[in-house]
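Okay, data18.cif now, which holds mmCIF, C-alpha atoms:
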data_start
loop_
_atom_site.label_atom_id
_atom_site.label_comp_id
_atom_site.auth_asym_id
_atom_site.auth_seq_id
_atom_site.Cartn_x
_atom_site.Cartn_y
_atom_site.Cartn_z
CA MET A 1 -4.62 16.38 -22.33
CA LEU A 2 -4.40 12.95 -20.72
CA ASN A 3 -7.12 10.35 -20.50
CA PHE A 4 -7.16 8.59 -17.14
CA ALA A 5 -8.88 5.19 -17.01
CA SER A 6 -9.55 3.55 -13.64
CA TYR A 7 -12.04 2.51 -11.01
CA PHE A 8 -11.75 6.10 -9.89
CA PHE A 9 -14.36 6.01 -7.13
CA ALA A 10 -13.36 2.64 -5.68
CA PRO A 11 -12.45 2.28 -2.00
CA GLY A 12 -9.09 0.92 -0.90
CA GLY A 13 -5.69 1.13 -2.52
CA TRP A 14 -6.84 1.13 -6.17
CA GLY A 15 -9.09 4.13 -5.63
CA THR A 16 -6.60 6.03 -3.48
CA HIS A 17 -3.84 5.48 -6.04
CA ALA A 18 -6.05 6.55 -8.94
CA ARG A 19 -7.45 9.69 -7.33
CA SER A 20 -4.20 10.88 -5.75
CA PHE A 21 -2.17 10.32 -8.92
CA ALA A 22 -4.76 11.87 -11.23
CA GLY A 23 -5.14 14.87 -8.92
CA ALA A 24 -1.41 15.53 -8.99
CA LEU A 25 -1.25 15.07 -12.78
CA HIS A 26 -4.10 17.53 -13.24
CA CYS A 27 -1.84 20.28 -11.87
CA LEU A 28 0.44 19.69 -14.85
CA THR A 29 -1.94 18.83 -17.70
CA PRO A 30 -5.73 18.48 -18.10
CA ILE A 31 -7.13 15.10 -17.06
CA ALA A 32 -10.16 13.53 -18.69
CA LEU A 33 -11.62 10.72 -16.62
CA ASP A 34 -12.58 7.43 -18.23
CA HIS A 35 -14.01 5.87 -15.08
CA TRP A 36 -15.06 2.28 -15.27
CA HIS A 37 -18.03 2.45 -12.93
CA PRO A 38 -20.66 5.07 -12.05
CA PRO A 39 -19.50 8.21 -10.18
CA GLN A 40 -20.02 8.26 -6.44
CA VAL A 41 -19.95 10.96 -3.81
CA LEU A 42 -16.49 11.43 -2.30
CA THR A 43 -16.74 12.83 1.22
CA HIS A 44 -13.05 13.69 1.52
CA PRO A 45 -11.62 13.75 -2.01
CA GLU A 46 -7.88 13.68 -2.56
CA THR A 47 -6.06 16.85 -3.61
CA GLY A 48 -6.97 17.88 -7.15
CA VAL A 49 -9.95 15.56 -7.48
CA ALA A 50 -12.58 18.27 -7.06
CA GLU A 51 -10.93 20.25 -9.85
CA ILE A 52 -10.93 17.21 -12.16
CA LEU A 53 -14.62 16.58 -11.50
CA ALA A 54 -15.48 20.27 -11.96
CA ALA A 55 -13.60 20.45 -15.28
CA ASN A 56 -15.46 17.36 -16.50
CA PHE A 57 -13.34 16.87 -19.60
CA SER A 58 -14.44 14.11 -21.97
CA PRO A 59 -11.95 11.42 -23.00
CA ASP A 60 -10.11 12.27 -26.20
CA THR A 61 -9.46 9.45 -28.68
CA THR A 62 -6.34 11.28 -29.94
CA ALA A 63 -4.79 11.75 -26.47
CA PRO A 64 -2.60 9.32 -24.50
CA THR A 65 -4.31 7.21 -21.84
CA ILE A 66 -2.99 6.15 -18.44
CA ALA A 67 -4.88 3.19 -16.97
CA ILE A 68 -4.67 1.97 -13.38
CA VAL A 69 -4.83 -1.75 -14.17
CA PRO A 70 -7.33 -3.56 -11.90
CA GLY A 71 -6.49 -7.14 -12.88
CA ALA A 72 -6.54 -9.41 -15.90
CA LYS A 73 -10.04 -8.26 -16.91
CA ILE A 74 -9.41 -4.75 -18.18
CA PRO A 75 -12.41 -2.71 -19.38
CA PRO A 76 -12.27 -1.01 -22.78
CA MET A 77 -10.60 2.40 -23.01
CA VAL A 78 -9.95 5.07 -25.60
CA GLY A 79 -6.70 6.79 -26.51
CA ARG A 80 -4.04 6.65 -29.20
CA TYR A 81 -1.26 5.55 -26.84
CA LYS A 82 -2.04 3.43 -23.81
CA ILE A 83 0.03 3.07 -20.63
CA GLY A 84 -0.87 0.44 -18.07
CA PHE A 85 0.10 1.24 -14.48
CA PHE A 86 -0.06 -1.94 -12.40
CA VAL A 87 1.00 -2.96 -8.90
CA TRP A 88 2.14 -6.48 -8.01
CA GLU A 89 2.90 -8.16 -4.67
CA THR A 90 4.43 -11.58 -5.36
CA SER A 91 7.56 -12.86 -7.10
CA HIS A 92 5.85 -14.01 -10.31
CA ILE A 93 3.15 -12.68 -12.64
CA PRO A 94 0.96 -15.43 -14.17
CA GLN A 95 0.94 -15.77 -17.93
CA HIS A 96 -2.71 -14.78 -18.38
CA PHE A 97 -2.07 -11.45 -16.68
CA CYS A 98 1.04 -10.81 -18.77
CA GLN A 99 -1.04 -11.48 -21.88
CA ALA A 100 -3.68 -8.99 -20.70
CA LEU A 101 -0.95 -6.36 -20.40
CA ASP A 102 -0.01 -6.84 -24.07
CA GLN A 103 -2.72 -4.35 -25.06
CA PHE A 104 -0.67 -1.50 -23.60
CA ASP A 105 2.06 0.35 -25.48
CA ALA A 106 4.02 0.86 -22.25
CA LEU A 107 3.88 -0.28 -18.63
CA TRP A 108 4.51 1.63 -15.42
CA VAL A 109 5.28 0.02 -12.08
CA PRO A 110 5.92 1.72 -8.71
CA SER A 111 9.30 0.19 -7.81
CA LEU A 112 12.49 -1.28 -9.23
CA TRP A 113 11.66 -4.48 -7.35
CA GLN A 114 8.41 -4.88 -9.29
CA ARG A 115 10.13 -4.02 -12.56
CA GLN A 116 12.52 -6.92 -11.98
CA VAL A 117 9.61 -9.23 -11.15
CA ALA A 118 7.88 -8.19 -14.37
CA ILE A 119 10.97 -8.81 -16.49
CA GLN A 120 11.58 -12.20 -14.89
CA SER A 121 7.93 -13.06 -15.61
CA GLY A 122 8.46 -12.50 -19.32
CA LEU A 123 7.49 -8.85 -19.91
CA ALA A 124 9.86 -6.90 -22.15
CA ALA A 125 12.23 -4.67 -20.19
CA ASP A 126 12.06 -1.82 -22.71
CA ARG A 127 8.31 -1.47 -22.09
CA ILE A 128 8.58 -1.00 -18.32
CA GLN A 129 9.35 2.22 -16.46
CA VAL A 130 9.20 3.07 -12.76
CA VAL A 131 6.75 5.71 -11.54
CA PRO A 132 6.48 5.70 -7.73
CA GLU A 133 3.32 6.18 -5.74
CA GLY A 134 3.26 8.88 -3.09
CA VAL A 135 1.67 10.58 -0.13
CA ASP A 136 0.04 13.93 0.58
CA PRO A 137 2.30 15.35 3.34
CA LEU A 138 -0.10 18.20 4.12
CA LEU A 139 -2.81 15.72 5.07
CA PHE A 140 -0.74 12.84 6.42
CA CYS A 141 1.34 14.65 9.00
CA PRO A 142 1.82 14.62 12.77
CA ALA A 143 -0.82 16.46 14.77
CA ASP A 144 1.72 18.98 16.08
CA HIS A 145 3.58 19.46 12.80
CA PRO A 146 3.78 22.98 11.31
CA VAL A 147 3.17 21.81 7.76
CA HIS A 148 3.08 25.30 6.32
CA GLN A 149 6.67 25.81 7.42
CA SER A 150 8.18 22.41 6.65
CA VAL A 151 6.57 21.18 3.45
CA ASN A 152 7.34 23.02 0.24
CA ARG A 153 4.62 22.10 -2.21
CA PRO A 154 4.86 23.31 -5.79
CA VAL A 155 2.32 25.98 -6.69
CA ASN A 156 -0.66 24.47 -8.46
CA ARG A 157 -0.35 25.98 -11.93
CA PRO A 158 -3.73 26.59 -13.57
CA VAL A 159 -4.28 23.89 -16.14
CA HIS A 160 -4.75 26.28 -19.04
CA GLN A 161 -1.23 27.65 -18.48
CA SER A 162 0.36 24.23 -18.80
CA VAL A 163 -1.51 22.81 -21.78
CA ASN A 164 0.57 24.36 -24.54
CA ARG A 165 4.04 24.47 -23.01
CA PRO A 166 6.58 21.92 -24.32
CA VAL A 167 6.42 19.09 -21.77
CA HIS A 168 9.79 17.64 -22.68
CA GLN A 169 11.52 20.95 -21.92
CA SER A 170 9.85 22.57 -18.92
CA VAL A 171 8.55 19.65 -16.87
CA HIS A 172 11.60 17.44 -17.35
CA GLN A 173 13.89 20.33 -16.46
CA SER A 174 11.94 21.14 -13.29
CA VAL A 175 12.04 17.49 -12.20
CA HIS A 176 15.81 17.34 -12.69
CA GLN A 177 16.35 20.59 -10.75
CA SER A 178 14.02 19.56 -7.93
CA VAL A 179 15.64 16.16 -7.46
CA HIS A 180 19.13 17.68 -7.62
CA GLN A 181 18.24 20.24 -4.94
CA SER A 182 16.63 17.65 -2.65
CA VAL A 183 19.41 15.07 -2.89
CA ASN A 184 22.08 17.64 -2.14
CA ARG A 185 20.30 19.28 0.78
CA PRO A 186 21.99 18.60 4.15
CA VAL A 187 20.00 16.02 6.10
CA HIS A 188 19.90 18.11 9.25
CA GLN A 189 17.86 20.77 7.45
CA SER A 190 15.05 18.41 6.53
CA VAL A 191 14.77 16.01 9.48
CA ASN A 192 11.97 17.11 11.78
CA ARG A 193 12.04 16.94 15.53
CA PRO A 194 10.53 13.80 17.07
CA VAL A 195 6.76 13.84 17.24
CA ASP A 196 5.15 14.40 20.63
CA ARG A 197 2.63 11.60 21.02
CA PRO A 198 -0.23 11.60 23.56
CA THR A 199 1.17 11.44 27.11
CA ASP A 200 -1.91 10.45 29.09
CA PRO A 201 -0.51 8.10 31.79
CA ASP A 202 -3.70 6.03 31.69
CA ARG A 203 -3.54 5.56 27.94
CA PRO A 204 -2.04 2.30 26.59
CA PHE A 205 0.75 2.31 24.02
CA HIS A 206 -0.88 1.75 20.62
CA PHE A 207 0.51 -0.31 17.77
CA VAL A 208 -1.67 0.22 14.71
CA THR A 209 -1.94 -2.08 11.71
CA VAL A 210 -3.59 -0.85 8.50
CA GLY A 211 -4.22 -3.49 5.88
CA LYS A 212 -6.96 -5.70 4.47
CA TRP A 213 -7.78 -8.76 6.56
CA GLU A 214 -5.98 -11.35 4.45
CA ARG A 215 -2.99 -13.63 4.71
CA ARG A 216 -0.75 -11.48 2.51
CA LYS A 217 -0.94 -8.54 4.90
CA GLY A 218 0.34 -10.63 7.80
CA ILE A 219 -2.53 -9.83 10.15
CA ASP A 220 -2.03 -13.28 11.70
CA LEU A 221 1.62 -12.47 12.38
CA ALA A 222 0.73 -9.11 13.91
CA ILE A 223 -1.67 -10.76 16.35
CA ALA A 224 0.70 -13.61 17.21
CA ALA A 225 3.67 -11.28 17.74
CA PHE A 226 1.60 -8.96 19.92
CA ALA A 227 0.55 -11.90 22.09
CA ARG A 228 4.17 -13.02 22.54
CA ALA A 229 5.66 -9.57 23.03
CA PHE A 230 3.44 -8.28 25.82
CA GLY A 231 1.81 -9.74 28.89
CA PRO A 232 -1.39 -8.69 30.69
CA ARG A 233 0.50 -6.16 32.84
CA ASP A 234 1.95 -4.31 29.84
CA ARG A 235 -0.16 -1.30 28.94
CA VAL A 236 -0.17 -2.02 25.23
CA GLU A 237 -2.95 -2.44 22.69
CA LEU A 238 -2.99 -3.57 19.08
CA VAL A 239 -5.36 -1.57 16.85
CA LEU A 240 -6.37 -3.37 13.66
CA HIS A 241 -7.69 -1.24 10.81
CA SER A 242 -8.31 -4.34 8.73
CA HIS A 243 -11.64 -4.41 6.98
CA ASN A 244 -12.20 -6.75 4.03
CA GLY A 245 -14.93 -5.63 1.67
CA TYR A 246 -14.27 -8.59 -0.63
CA GLN A 247 -15.69 -11.06 1.89
CA PRO A 248 -19.51 -10.83 2.11
CA GLY A 249 -20.68 -10.29 5.66
CA PHE A 250 -17.18 -9.69 7.00
CA GLU A 251 -17.20 -8.17 10.51
CA LEU A 252 -13.85 -7.19 11.97
CA ARG A 253 -14.71 -7.63 15.64
CA GLU A 254 -15.94 -11.16 14.99
CA ALA A 255 -12.85 -11.96 12.93
CA ILE A 256 -10.63 -10.83 15.80
CA ALA A 257 -12.65 -12.87 18.29
CA ARG A 258 -12.15 -15.99 16.16
CA ALA A 259 -8.49 -15.49 15.26
CA ALA A 260 -6.97 -14.12 18.47
CA PRO A 261 -7.39 -17.17 20.77
CA ALA A 262 -5.94 -19.49 18.13
CA LEU A 263 -2.89 -17.20 17.93
CA GLY A 264 -2.46 -16.96 21.70
CA ALA A 265 -3.86 -13.44 22.05
CA ASP A 266 -6.51 -11.93 24.30
CA PRO A 267 -9.19 -10.43 22.01
CA SER A 268 -10.02 -7.77 24.60
CA ARG A 269 -6.58 -6.19 24.06
CA ILE A 270 -7.03 -5.94 20.28
CA ARG A 271 -9.15 -3.02 19.14
CA PRO A 272 -11.00 -3.04 15.82
CA SER A 273 -10.89 0.14 13.76
CA TYR A 274 -13.51 0.61 11.05
CA PRO A 275 -13.31 2.58 7.77
CA GLN A 276 -14.02 6.27 8.35
CA GLY A 277 -12.65 7.87 5.20
CA ARG A 278 -9.34 9.60 4.78
CA SER A 279 -9.82 12.00 7.69
CA GLY A 280 -10.55 9.08 9.99
CA LEU A 281 -7.42 7.27 8.83
CA VAL A 282 -5.32 10.36 9.47
CA GLN A 283 -6.70 10.67 13.00
CA LEU A 284 -6.05 6.99 13.62
CA LEU A 285 -2.41 7.32 12.60
CA ARG A 286 -1.88 10.56 14.50
CA GLY A 287 -3.19 8.96 17.66
CA ALA A 288 -0.98 5.87 17.43
CA ASP A 289 2.51 5.32 18.84
CA ALA A 290 3.86 2.89 16.22
CA PHE A 291 2.86 1.22 12.96
CA LEU A 292 3.10 -2.54 12.40
CA LEU A 293 2.66 -4.42 9.13
CA PRO A 294 4.47 -7.79 8.87
CA THR A 295 3.35 -8.09 5.26
CA ARG A 296 4.25 -11.05 3.07
CA GLY A 297 4.43 -8.83 -0.01
CA GLU A 298 3.63 -5.31 -1.21
CA GLY A 299 3.71 -3.75 -4.64
CA TRP A 300 4.12 -0.41 -2.87
CA GLY A 301 2.36 -0.25 0.50
CA LEU A 302 0.49 3.06 0.65
CA PRO A 303 -0.52 2.77 4.34
CA ILE A 304 3.14 2.34 5.32
CA LEU A 305 4.17 5.56 3.59
CA GLU A 306 1.15 7.36 5.04
CA ALA A 307 2.15 6.21 8.53
CA MET A 308 5.70 7.40 7.92
CA ALA A 309 4.40 10.80 6.82
CA CYS A 310 2.54 10.99 10.14
CA GLY A 311 5.84 10.49 11.96
CA LEU A 312 5.21 6.94 13.16
CA PRO A 313 8.04 4.45 13.67
CA CYS A 314 7.16 1.64 11.28
CA ILE A 315 7.86 -2.07 11.72
CA VAL A 316 7.64 -3.59 8.24
CA THR A 317 8.97 -6.56 6.30
CA ASP A 318 12.37 -6.34 4.62
CA TRP A 319 11.09 -7.42 1.20
CA SER A 320 9.16 -6.37 -1.91
CA GLY A 321 8.13 -2.96 -3.22
CA LEU A 322 8.10 -1.14 0.11
CA ARG A 323 11.91 -1.25 0.13
CA ALA A 324 11.82 1.59 -2.40
CA TYR A 325 11.30 3.99 0.52
CA ALA A 326 11.73 1.93 3.72
CA HIS A 327 15.31 1.32 4.84
CA PRO A 328 17.18 0.70 8.12
CA GLY A 329 17.61 4.42 8.71
CA ASN A 330 13.90 5.30 8.70
CA SER A 331 12.11 2.12 9.80
CA TYR A 332 12.39 -1.16 11.67
CA LEU A 333 12.83 -3.90 9.08
CA ILE A 334 11.63 -7.43 9.85
CA PRO A 335 14.02 -10.13 8.59
CA VAL A 336 12.59 -12.69 6.19
CA LYS A 337 12.96 -16.34 7.26
CA ALA A 338 12.33 -17.63 3.76
CA LEU A 339 10.50 -17.03 0.51
CA VAL A 340 7.63 -19.50 0.39
CA PRO A 341 5.01 -20.37 -2.24
CA VAL A 342 2.01 -18.05 -2.25
CA ASP A 343 -0.79 -19.70 -0.29
CA ASP A 344 -4.13 -17.92 0.00
CA PRO A 345 -6.91 -19.51 -2.10
CA ALA A 346 -9.30 -16.68 -1.22
CA PHE A 347 -7.31 -14.19 -3.32
CA PHE A 348 -4.79 -16.26 -5.31
CA ASP A 349 -6.09 -19.06 -7.51
CA PRO A 350 -4.06 -22.19 -6.57
CA ALA A 351 -4.12 -23.32 -10.21
CA LEU A 352 -1.92 -20.38 -11.24
CA ASN A 353 1.76 -19.70 -10.67
CA TRP A 354 2.06 -16.70 -8.35
CA GLY A 355 5.63 -17.45 -7.35
CA CYS A 356 6.64 -16.77 -3.77
CA TRP A 357 6.20 -14.23 -1.04
CA ALA A 358 8.01 -13.58 2.22
CA GLU A 359 7.59 -15.40 5.50
CA PRO A 360 8.61 -12.77 8.08
CA ASP A 361 10.48 -13.92 11.18
CA LEU A 362 7.93 -14.01 14.01
CA GLU A 363 10.51 -13.81 16.80
CA ALA A 364 12.09 -10.79 15.11
CA ILE A 365 8.69 -9.06 15.02
CA VAL A 366 8.34 -9.71 18.76
CA ALA A 367 11.79 -8.27 19.45
CA LEU A 368 11.16 -5.17 17.33
CA MET A 369 7.81 -4.49 19.00
CA ARG A 370 9.46 -4.69 22.40
CA GLN A 371 12.29 -2.43 21.23
CA VAL A 372 9.91 0.26 19.98
CA TYR A 373 7.84 0.04 23.15
CA ARG A 374 10.81 0.33 25.49
CA ASP A 375 12.99 2.78 23.56
CA ARG A 376 10.34 5.35 22.79
CA ALA A 377 12.76 8.22 22.30
CA GLY A 378 14.70 6.23 19.72
CA ALA A 379 11.47 5.19 18.01
CA ARG A 380 10.27 8.79 17.84
CA GLN A 381 13.54 9.79 16.19
CA ILE A 382 13.13 7.06 13.57
CA GLY A 383 9.59 8.34 12.99
CA ALA A 384 10.88 11.89 12.53
CA ILE A 385 13.34 10.75 9.89
CA ALA A 386 10.60 8.79 8.14
CA ARG A 387 8.36 11.85 8.15
CA ALA A 388 11.06 14.07 6.68
CA GLU A 389 11.90 11.64 3.89
CA ALA A 390 8.26 10.96 3.00
CA ALA A 391 7.51 14.68 2.74
CA GLU A 392 10.69 15.40 0.79
CA PHE A 393 11.03 12.52 -1.65
CA TRP A 394 7.77 10.57 -1.89
CA THR A 395 4.92 12.97 -2.67
CA TRP A 396 2.26 12.55 -5.34
CA GLU A 397 3.59 15.74 -6.94
CA ARG A 398 6.93 14.07 -7.51
CA ALA A 399 5.19 11.01 -8.90
CA ALA A 400 3.28 13.20 -11.35
CA HIS A 401 6.43 14.98 -12.51
CA THR A 402 8.14 11.62 -13.03
CA ALA A 403 5.16 10.39 -15.06
CA ILE A 404 5.11 13.48 -17.29
CA ALA A 405 8.84 13.18 -17.90
CA HIS A 406 8.43 9.54 -18.96
CA LEU A 407 5.40 10.40 -21.08
CA SER A 408 7.28 13.10 -22.96
CA GLN A 409 9.79 10.48 -24.05
CA LEU A 410 7.27 7.74 -24.77
CA CYS A 411 4.77 9.87 -26.64
CA PRO A 412 6.21 13.28 -27.63
CA CYS A 413 3.54 15.67 -28.77
#

What would you get if you wrote out this structure as C-alpha cells?
Amino acid sequence: MLNFASYFFAPGGWGTHARSFAGALHCLTPIALDHWHPPQVLTHPETGVAEILAANFSPDTTAPTIAIVPGAKIPPMVGRYKIGFFVWETSHIPQHFCQALDQFDALWVPSLWQRQVAIQSGLAADRIQVVPEGVDPLLFCPADHPVHQSVNRPVNRPVHQSVNRPVHQSVHQSVHQSVHQSVNRPVHQSVNRPVDRPTDPDRPFHFVTVGKWERRKGIDLAIAAFARAFGPRDRVELVLHSHNGYQPGFELREAIARAAPALGADPSRIRPSYPQGRSGLVQLLRGADAFLLPTRGEGWGLPILEAMACGLPCIVTDWSGLRAYAHPGNSYLIPVKALVPVDDPAFFDPALNWGCWAEPDLEAIVALMRQVYRDRAGARQIGAIARAEAAEFWTWERAAHTAIAHLSQLCPC
C-alpha cells in the first residue's frame, strides 16, 4: 500500500503528473489517495485513474506516502515515511522552499539536472533520488501509428497479486531486465518510419506551442521568431496552446492581439488553441507539423515529451530538465545565449533568490524553424526517432518501476 498525496484533480502539469504517475504505480501496488482538494469529474482520466477511484482505498498511517509537492505551502499528510516529489525550473531553490522540504524523509526529482540544482541549493545529496516523469505512448502517438504492434506495454497485474510479493526482489529485478533489454536492442528495430502528416495543399504548415502564457515558457520568443522566420507569402501558421488559469480574466486571443504587434508578428497568422482535455491535446499534436517551445527553463517539460511521442520534430532549448530525454539526435536544440537572472514578478517573487534561467538565442530559433519547414523529410525522420525513444524509454510504467525500486531501498517492508 502507498499513500499518494497531491492536488490530484488539478488541471495542468501538476495534475497530469499526479494522475499519470499514480495510475502507473497502482499497477504495481495499491494506491490510497490523499487528495488535497475536493474530487472532480475527470472527462478523460489518465490510465489507471479509474481503477484508483473505484478501489477507493483510505490513506494508511502506517504506509509510506508519496507527495507531489505543490510549493512551499504543503498541506498536511499521513504516512510513516514521507517522500516529496518536486519539480523545479530555475538554477536555484530559495531557502524557504528548502526548509519546507525538510518535513520529508526523502526527495525525488525528475532529472539529474534538477538533482544538481537541489544539491547546490543546500539540500543533502543522500536524500535526493531521480525518478523521471513519462508519457502514455498508446494515447500520445501519431494518427497513423499501429500502436498495438510497436508499443510493448507491461501487462497490468491485478493489484491483489502484487501486494504481498517482495518488492525488493521481483520489481527491482524486472526493472533491471527491462532496461538491459531496451538498451541493448538494435536501434533499427525500434525507430519507427517517419510520420505522414496531413498533405492538403491548401493547408498551412503548423508549428504548435504548448505551454502556459508566461515568460518562462518563452511564448514571446516563439512569436518573435515566427515573425522573423516567415513572411506573408509563406504558408505557415503558429498555433499557441497557451492558456493561463492563474491570471483572472485571461483570454488567449486578446493576449495574442496585444503581444504580436509589439513582437513584429501579424496576429491573424497566430491561432489560439483552447484547453479541450487530453483528447483535444492529442488531436492538436497529431494535426501539427512541428513543435516549438523556446523555454527559459523546465523541470521536465511534459508537453515536449508528449509531442515527441506523437512523432513531432521538436525545437526546444538546450538547457534544464528536458535534456534528460531531448538530445541532438531526436530534437532540434536551441543554443543558449546566456544564463540570466530570473525575471517574472507574476510568478517569481523578486525578493527571493531564484537563480538564473536560460535566454535562448532568437536568431537560432529562426534558423531552426526555417530548417524544419524547408527540410520536411529530415524533420519527419527526427520526429520518428523521438517517437521511438519516448515509447521505449520514457513511459509512466518505467517511472513507476523506478519509483518502486527506490522505495524498496528507502523503506523496506

### Query
Quick one: which residues end up in the PyMOL selection byres ((chain A and resi 101) around 12) for this structure, as a PyMOL selection string?
chain A and resi 67-74+82-86+93-100+102-108+118+122-124+127-128

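Separating atom CA of A:Ile119 from atom CA of A:Trp357 is a distance of 17.1 Å.
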
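With all atoms listed in the file as the atoms that count, the minimum distance from A:Gly231 to the choices A:Leu252, A:Ala265, A:Ala364, A:Leu407 is reached by A:Ala265.
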
Please expand the PyMOL selection byres ((chain A and resi 354) around 10) into the concrete residues it hits in this file, giving the result as an mmCIF file with C-alpha atoms, in the frame of the given file.
data_model
loop_
_atom_site.group_PDB
_atom_site.id
_atom_site.type_symbol
_atom_site.label_atom_id
_atom_site.label_comp_id
_atom_site.auth_asym_id
_atom_site.auth_seq_id
_atom_site.Cartn_x
_atom_site.Cartn_y
_atom_site.Cartn_z
ATOM 1 C CA GLU A 89 2.900 -8.160 -4.670
ATOM 2 C CA THR A 90 4.430 -11.580 -5.360
ATOM 3 C CA SER A 91 7.560 -12.860 -7.100
ATOM 4 C CA HIS A 92 5.850 -14.010 -10.310
ATOM 5 C CA ILE A 93 3.150 -12.680 -12.640
ATOM 6 C CA PRO A 94 0.960 -15.430 -14.170
ATOM 7 C CA GLN A 95 0.940 -15.770 -17.930
ATOM 8 C CA PRO A 341 5.010 -20.370 -2.240
ATOM 9 C CA VAL A 342 2.010 -18.050 -2.250
ATOM 10 C CA ASP A 343 -0.790 -19.700 -0.290
ATOM 11 C CA PHE A 348 -4.790 -16.260 -5.310
ATOM 12 C CA ASP A 349 -6.090 -19.060 -7.510
ATOM 13 C CA PRO A 350 -4.060 -22.190 -6.570
ATOM 14 C CA ALA A 351 -4.120 -23.320 -10.210
ATOM 15 C CA LEU A 352 -1.920 -20.380 -11.240
ATOM 16 C CA ASN A 353 1.760 -19.700 -10.670
ATOM 17 C CA GLY A 355 5.630 -17.450 -7.350
ATOM 18 C CA CYS A 356 6.640 -16.770 -3.770
ATOM 19 C CA TRP A 357 6.200 -14.230 -1.040
#

### Message
To test your reading of the syntax: which residues would the PyMOL selection byres ((chain A and resi 40-46) around 12) return for the file shown? Reply as a ChimeraX atom specification.
### Response
/A:7-11,15-24,26,35-39,47-53,135-140,276-282,396

### Query
Closest to A:Asp34 among A:Ala63, A:Val78, A:Leu293, A:Ile304, using all atoms listed in the file?
A:Val78

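The space separating atom CA of A:Arg370 from atom CA of A:Trp319 comes to 21.4 Å.
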
### Task
Pick out the residues sitting within 12 Å of A:Ala229, and hand them over as number ranges by chain; count all atoms listed in the file, and ignore anything fewer than 6 positions along from it in its own chain.
A: 207, 221-223, 235-238, 264-265, 362-374
